[in-house]
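protein29.cif, holding mmCIF, C-alpha atoms:
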```
data_final
loop_
_atom_site.label_atom_id
_atom_site.label_comp_id
_atom_site.auth_asym_id
_atom_site.auth_seq_id
_atom_site.Cartn_x
_atom_site.Cartn_y
_atom_site.Cartn_z
CA MET A 1 -5.02 -18.18 9.94
CA VAL A 2 -3.93 -19.94 6.76
CA GLY A 3 -1.88 -17.86 4.34
CA THR A 4 -3.17 -17.17 0.84
CA LYS A 5 -1.48 -16.90 -2.55
CA PRO A 6 -1.16 -13.35 -3.96
CA VAL A 7 -3.28 -12.73 -7.05
CA PHE A 8 -0.26 -11.36 -8.90
CA ASP A 9 2.38 -13.78 -7.63
CA SER A 10 3.60 -14.51 -11.18
CA ASN A 11 3.82 -10.77 -11.91
CA ALA A 12 6.13 -10.34 -8.93
CA LYS A 13 8.42 -13.04 -10.25
CA TYR A 14 8.39 -11.42 -13.69
CA LEU A 15 9.31 -7.99 -12.30
CA LEU A 16 12.00 -9.29 -9.97
CA SER A 17 13.52 -11.29 -12.83
CA LYS A 18 13.92 -7.95 -14.63
CA LEU A 19 15.68 -6.53 -11.58
CA LEU A 20 17.87 -9.63 -11.33
CA ALA A 21 19.07 -9.08 -14.90
CA MET A 22 20.22 -5.53 -14.12
CA ASN A 23 23.72 -4.66 -12.91
CA ILE A 24 24.31 -3.00 -9.54
CA GLU A 25 24.92 0.42 -11.07
CA ASP A 26 21.58 0.32 -12.89
CA ILE A 27 19.73 -0.94 -9.82
CA THR A 28 21.21 1.91 -7.79
CA LYS A 29 19.96 4.40 -10.37
CA HIS A 30 16.52 2.96 -11.07
CA LEU A 31 15.59 2.08 -7.47
CA LYS A 32 17.24 5.25 -6.13
CA VAL A 33 19.18 3.37 -3.45
CA SER A 34 22.77 3.00 -2.32
CA SER A 35 25.01 0.39 -3.91
CA GLN A 36 24.81 -1.67 -0.70
CA LEU A 37 21.01 -1.70 -0.84
CA ALA A 38 21.17 -2.44 -4.57
CA ILE A 39 23.23 -5.56 -3.85
CA HIS A 40 20.71 -6.61 -1.20
CA ALA A 41 17.79 -5.97 -3.61
CA LYS A 42 19.43 -8.20 -6.20
CA GLN A 43 20.02 -10.95 -3.63
CA LEU A 44 16.37 -10.82 -2.61
CA ALA A 45 15.30 -10.97 -6.26
CA TYR A 46 17.52 -14.02 -6.80
CA HIS A 47 15.96 -15.94 -3.92
CA LEU A 48 12.43 -14.98 -4.98
CA CYS A 49 13.04 -16.08 -8.55
CA ASP A 50 14.65 -19.42 -7.68
CA GLY A 51 11.93 -20.25 -5.15
CA SER A 52 14.22 -20.41 -2.11
CA ALA A 53 12.93 -17.26 -0.39
CA GLU A 54 10.88 -17.65 2.77
CA ARG A 55 7.35 -16.28 2.74
CA GLY A 56 5.38 -14.45 5.38
CA MET A 57 1.93 -12.91 5.58
CA ALA A 58 1.84 -9.46 3.99
CA ILE A 59 0.38 -7.77 7.07
CA ASP A 60 3.40 -8.93 9.10
CA SER A 61 6.07 -8.44 6.43
CA PHE A 62 6.34 -4.67 6.02
CA SER A 63 8.33 -2.48 8.41
CA GLY A 64 7.60 1.09 7.31
CA VAL A 65 6.35 3.78 9.69
CA ALA A 66 2.67 3.14 8.95
CA PHE A 67 3.00 -0.61 9.53
CA LYS A 68 4.93 -0.06 12.77
CA ALA A 69 2.12 2.21 13.99
CA PHE A 70 -0.37 -0.48 13.01
CA HIS A 71 1.45 -3.19 14.98
CA ASN A 72 2.46 -0.99 17.95
CA LEU A 73 -1.13 -1.25 19.16
CA GLY A 74 -0.59 -4.92 20.03
CA ASN A 75 -1.13 -8.30 18.41
CA LEU A 76 -4.07 -8.68 16.08
CA SER A 77 -6.89 -10.81 17.45
CA GLU A 78 -8.22 -13.63 15.30
CA PRO A 79 -11.45 -11.71 14.50
CA SER A 80 -9.37 -8.67 13.50
CA ARG A 81 -7.19 -10.82 11.24
CA GLU A 82 -10.28 -12.26 9.58
CA PHE A 83 -11.73 -8.80 9.04
CA ALA A 84 -8.42 -7.51 7.68
CA GLN A 85 -8.20 -10.38 5.19
CA SER A 86 -11.61 -9.41 3.81
CA HIS A 87 -11.39 -5.62 4.02
CA LEU A 88 -7.76 -4.45 4.11
CA LEU A 89 -5.68 -4.20 0.93
CA ILE A 90 -1.98 -3.36 0.69
CA GLY A 91 -0.38 -1.73 -2.34
CA SER A 92 2.92 -3.31 -3.41
CA GLY A 93 5.45 -2.36 -6.07
CA ALA A 94 6.24 -6.04 -6.63
CA TYR A 95 2.87 -7.72 -6.02
CA GLY A 96 0.51 -4.93 -7.08
CA LEU A 97 -2.29 -5.46 -4.59
CA LEU A 98 -2.22 -7.75 -1.58
CA HIS A 99 -4.69 -9.16 0.91
CA SER A 100 -3.36 -9.06 4.45
CA ASN A 101 -2.75 -12.82 4.70
CA ASP A 102 -1.15 -13.21 1.28
CA LEU A 103 2.18 -15.03 1.57
CA ILE A 104 4.96 -12.93 0.06
CA CYS A 105 8.74 -12.98 -0.24
CA GLU A 106 10.94 -10.16 0.97
CA TYR A 107 11.77 -7.75 -1.86
CA ARG A 108 12.87 -4.22 -2.58
CA LEU A 109 10.79 -2.56 -5.30
CA ASP A 110 8.39 0.34 -4.81
CA PHE A 111 5.99 2.22 -7.06
CA GLU A 112 8.56 4.94 -7.76
CA SER A 113 11.06 2.37 -9.07
CA THR A 114 11.76 1.69 -12.72
CA LEU A 115 13.30 -1.37 -14.33
CA ILE A 116 15.26 -1.81 -17.54
CA ASP A 117 13.21 -3.81 -20.03
CA ASP A 118 13.90 -5.57 -23.33
CA ASN A 119 17.71 -5.56 -23.44
CA ARG A 120 17.99 -1.94 -22.28
CA ALA A 121 15.67 -0.78 -25.07
CA SER A 122 13.08 0.69 -22.69
CA VAL A 123 12.37 1.56 -19.07
CA LEU A 124 9.51 -0.11 -17.23
CA SER A 125 7.73 2.15 -14.74
CA MET A 126 6.07 0.36 -11.83
CA THR A 127 3.28 2.94 -11.77
CA ASN A 128 2.51 2.48 -15.45
CA TYR A 129 2.92 -1.29 -15.27
CA TRP A 130 0.43 -1.76 -12.44
CA LYS A 131 -2.19 0.84 -13.35
CA PRO A 132 -4.14 -1.25 -15.92
CA ILE A 133 -3.71 -4.41 -13.82
CA VAL A 134 -4.57 -3.26 -10.31
CA THR A 135 -7.40 -0.81 -11.11
CA PRO A 136 -9.92 -3.39 -12.46
CA LEU A 137 -9.15 -5.77 -9.59
CA LEU A 138 -9.77 -3.05 -7.01
CA ILE A 139 -13.07 -2.20 -8.69
CA GLU A 140 -14.09 -5.87 -8.70
CA ILE A 141 -13.21 -6.31 -5.02
CA ALA A 142 -15.09 -3.14 -4.06
CA LYS A 143 -18.21 -4.07 -5.99
CA ASN A 144 -18.26 -7.51 -4.39
CA ASP A 145 -18.38 -5.79 -1.00
CA ASP A 146 -20.14 -2.44 -0.53
CA SER A 147 -18.61 -0.47 -3.44
CA ILE A 148 -16.57 1.68 -1.05
CA VAL A 149 -12.79 2.14 -1.10
CA LEU A 150 -11.27 3.96 1.86
CA ASN A 151 -7.94 5.35 0.71
CA LEU A 152 -5.09 5.56 3.23
CA ALA A 153 -2.35 5.03 0.66
CA SER A 154 0.56 7.32 -0.13
CA LYS A 155 0.52 9.45 -3.27
CA GLU A 156 2.97 7.04 -4.93
CA THR A 157 0.65 4.10 -4.34
CA THR A 158 -2.48 6.03 -5.34
CA ASP A 159 -0.73 7.07 -8.57
CA SER A 160 -0.64 3.39 -9.55
CA LEU A 161 -4.44 3.51 -9.92
CA ASP A 162 -6.31 4.87 -12.94
CA MET A 163 -8.45 7.37 -11.06
CA SER A 164 -10.58 8.34 -14.04
CA ILE A 165 -11.69 4.72 -14.52
CA LEU A 166 -12.05 4.17 -10.79
CA ARG A 167 -14.22 7.24 -10.18
CA ASN A 168 -16.45 6.42 -13.17
CA SER A 169 -16.91 2.81 -12.11
CA GLY A 170 -19.57 3.43 -9.50
CA VAL A 171 -17.11 2.76 -6.69
CA ASN A 172 -17.23 5.28 -3.85
CA PHE A 173 -13.56 6.25 -3.45
CA ILE A 174 -13.00 8.09 -0.17
CA ASP A 175 -9.72 9.79 0.71
CA VAL A 176 -8.80 9.98 4.39
CA ARG A 177 -6.87 13.16 5.17
CA PHE A 178 -5.09 14.27 8.34
CA LEU A 179 -4.55 18.04 8.52
CA HIS A 180 -3.31 20.62 10.98
CA HIS A 181 -3.50 24.38 11.25
CA GLY A 182 -0.17 25.92 10.24
CA PRO A 183 1.06 29.50 9.69
CA LYS A 184 -0.28 29.36 6.12
CA GLY A 185 -3.56 27.65 6.89
CA LEU A 186 -4.51 23.98 6.73
CA ARG A 187 -1.70 21.67 5.76
CA MET A 188 -1.06 17.93 5.69
CA LEU A 189 0.63 16.55 8.78
CA PRO A 190 4.42 16.18 8.55
CA SER A 191 5.39 13.04 6.63
CA VAL A 192 6.36 10.75 9.51
CA GLU A 193 3.39 11.74 11.65
CA LEU A 194 1.06 11.35 8.66
CA LYS A 195 2.28 7.79 8.11
CA LYS A 196 1.76 7.01 11.80
CA MET A 197 -1.81 8.30 11.63
CA ARG A 198 -2.53 6.22 8.52
CA GLY A 199 -1.26 3.08 10.23
CA SER A 200 -3.13 3.81 13.45
CA PHE A 201 -6.33 4.56 11.54
CA ALA A 202 -6.06 1.30 9.59
CA ARG A 203 -5.69 -0.56 12.88
CA PHE A 204 -8.72 1.27 14.33
CA PHE A 205 -10.72 0.29 11.24
CA VAL A 206 -9.73 -3.37 11.55
CA ASP A 207 -10.10 -3.75 15.33
CA ASN A 208 -13.52 -2.08 15.38
CA ARG A 209 -14.73 -3.71 12.16
CA CYS A 210 -16.03 -0.32 11.02
CA CYS A 211 -18.89 -0.40 8.54
CA SER A 212 -19.94 3.27 8.34
CA ILE A 213 -18.54 6.79 8.10
CA ASP A 214 -19.98 7.59 11.53
CA GLU A 215 -18.01 4.71 13.03
CA LEU A 216 -14.84 5.90 11.30
CA LYS A 217 -15.33 9.40 12.69
CA CYS A 218 -14.84 7.95 16.18
CA PHE A 219 -11.11 7.47 15.57
CA GLY A 220 -9.67 8.84 18.80
CA MET A 221 -5.92 9.08 18.25
CA GLY A 222 -4.02 12.20 17.23
CA ASN A 223 -5.93 14.82 19.27
CA PHE A 224 -7.99 15.95 16.27
CA GLU A 225 -10.48 18.69 17.06
CA THR A 226 -12.85 18.32 14.11
CA VAL A 227 -13.90 15.57 11.73
CA GLU A 228 -15.73 16.26 8.48
CA PHE A 229 -16.96 14.17 5.58
CA VAL A 230 -17.03 16.44 2.52
CA ASP A 231 -16.84 15.64 -1.22
CA ASN A 232 -15.74 12.06 -0.65
CA GLU A 233 -13.04 13.11 1.79
CA LEU A 234 -12.96 12.09 5.45
CA ILE A 235 -10.98 14.94 7.00
CA PHE A 236 -9.45 15.01 10.49
CA VAL A 237 -8.20 18.45 11.60
CA ARG A 238 -6.32 19.68 14.63
#
```
Any chance you could give the structure as structure tokens?
Amino acid sequence: MVGTKPVFDSNAKYLLSKLLAMNIEDITKHLKVSSQLAIHAKQLAYHLCDGSAERGMAIDSFSGVAFKAFHNLGNLSEPSREFAQSHLLIGSGAYGLLHSNDLICEYRLDFESTLIDDNRASVLSMTNYWKPIVTPLLIEIAKNDDSIVLNLASKETTDSLDMSILRNSGVNFIDVRFLHHGPKGLRMLPSVELKKMRGSFARFFVDNRCCSIDELKCFGMGNFETVEFVDNELIFVR
């Protein structure tokens, strides 16, 4: 498939130019990374800002646990890629919100990062920066489809959305939760396993072109014993 331009491509360049202007010590502090990773983050920002960075499709560019689980199920078929482009969105600290085939540069900047702004006079929070920008776009995309948003994102990514506006917009925002019975009752799955389930579920959604809650309930991975849809939450329990 042909790659597409991210909606907020210019915003990414703006944010990474802020990072590029920071020294290594400040990058280490504000991105919460080692000095070695801070140097690498600055190098990536340099190549993005000067236009020399290579670009790849967003769906193939991330390497976190959830994305590895998504891709471990094999190569995406052409119909699955087409469905993903229309129905799968990826939250990004640099690009805000991405379609799966958007062409992006490698970067290091997540929603928990902050950047120094205006000659060290203030700190720019990625969560606060993106909230008024991404929320209306997500609402627009949802309303142009079936007014449903299925949320598989982490808390950090979800925090970049204005939930009060989103929930009052008429969009049906559904959280997908993966729980297990522990000594103290129902709990979220451990972090790594939770990320794997989110990635696997996203792949199930794309490969099966799911269009209803009943179809989503058929997700067969993870040995879950019960599936419930309650109060706008799709809950898998084992």
- Out of A:Leu97, A:Cys105, A:Leu73, A:Ala21, which residue has the shortest atom-to-atom distance to Ala53 (chain A) when counting only C-alpha atoms? A:Cys105
- Item | Two-atom distance - CA of Asn11 (chain A), CA of Ser169 (chain A) (Å) | 24.8 Å
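Take the candidates A:His181, A:Arg238, A:Lys32, A:Arg108 and check each one against Ala12 (chain A) using all atoms listed in the file; the shortest distance goes to A:Arg108.
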So which residues get picked by the PyMOL selection byres ((chain A and resi 143-147) around 9) here, written as an mmCIF file with C-alpha atoms, in the coordinates of the input?
```
data_model
loop_
_atom_site.group_PDB
_atom_site.id
_atom_site.type_symbol
_atom_site.label_atom_id
_atom_site.label_comp_id
_atom_site.auth_asym_id
_atom_site.auth_seq_id
_atom_site.Cartn_x
_atom_site.Cartn_y
_atom_site.Cartn_z
ATOM 1 C CA HIS A 87 -11.390 -5.620 4.020
ATOM 2 C CA LEU A 138 -9.770 -3.050 -7.010
ATOM 3 C CA ILE A 139 -13.070 -2.200 -8.690
ATOM 4 C CA GLU A 140 -14.090 -5.870 -8.700
ATOM 5 C CA ILE A 141 -13.210 -6.310 -5.020
ATOM 6 C CA ALA A 142 -15.090 -3.140 -4.060
ATOM 7 C CA ILE A 148 -16.570 1.680 -1.050
ATOM 8 C CA VAL A 149 -12.790 2.140 -1.100
ATOM 9 C CA GLY A 170 -19.570 3.430 -9.500
ATOM 10 C CA VAL A 171 -17.110 2.760 -6.690
ATOM 11 C CA ASN A 172 -17.230 5.280 -3.850
ATOM 12 C CA PHE A 173 -13.560 6.250 -3.450
#
```
- Task: Rank A:Gly182, A:Gly91, A:Pro132, A:Pro190 by their smallest atom-to-atom distance to Glu156 (chain A), using only C-alpha atoms, and report the top residue only.
- Result: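 When distances to Glu156 (chain A) are compared using only C-alpha atoms, the smallest one comes from A:Gly91.
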- Message: From the options A:Thr127, A:Ser200, A:Ser92, A:Ser191, which residue's atoms come nearest to Leu115 (chain A), counting all atoms listed in the file?
- Response: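 Of A:Thr127, A:Ser200, A:Ser92, A:Ser191, the one nearest Leu115 (chain A), counting all atoms listed in the file, is A:Thr127.
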- Query: Could you pull the residues within 9 Å of region 35-42 of chain A, counting only C-alpha atoms, minus those fewer than 5 positions along the same chain, as a PyMOL selection string?
  - Reply: chain A and resi 16+19-28+47+107-109
- Query: Written as a ChimeraX atom specification, what is the full residue list that the PyMOL selection byres ((chain A and resi 112) around 9) yields on the file shown?
  - Reply: /A:30-32,93,109-111,113-114,125-127,156-157
Selection under test: the PyMOL selection byres ((chain A and resi 221) around 10); residues as a PDB file with C-alpha atoms, in the frame of the given file:
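File written: selection09.pdb
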```
ATOM      1  CA  MET A 197      -1.810   8.300  11.630  1.00  0.00           C
ATOM      2  CA  SER A 200      -3.130   3.810  13.450  1.00  0.00           C
ATOM      3  CA  PHE A 201      -6.330   4.560  11.540  1.00  0.00           C
ATOM      4  CA  PHE A 204      -8.720   1.270  14.330  1.00  0.00           C
ATOM      5  CA  CYS A 218     -14.840   7.950  16.180  1.00  0.00           C
ATOM      6  CA  PHE A 219     -11.110   7.470  15.570  1.00  0.00           C
ATOM      7  CA  GLY A 220      -9.670   8.840  18.800  1.00  0.00           C
ATOM      8  CA  GLY A 222      -4.020  12.200  17.230  1.00  0.00           C
ATOM      9  CA  ASN A 223      -5.930  14.820  19.270  1.00  0.00           C
ATOM     10  CA  PHE A 224      -7.990  15.950  16.270  1.00  0.00           C
TER      11      PHE A 224
END
```
- Go ahead and find all residues with at least one atom no further than 12 Å from (-1.8, 8.2, -7.4) in the file's coordinates, using all atoms listed in the file; report them as a ChimeraX atom specification. /A:91,111-112,126-128,130-131,135,151-164,166,175
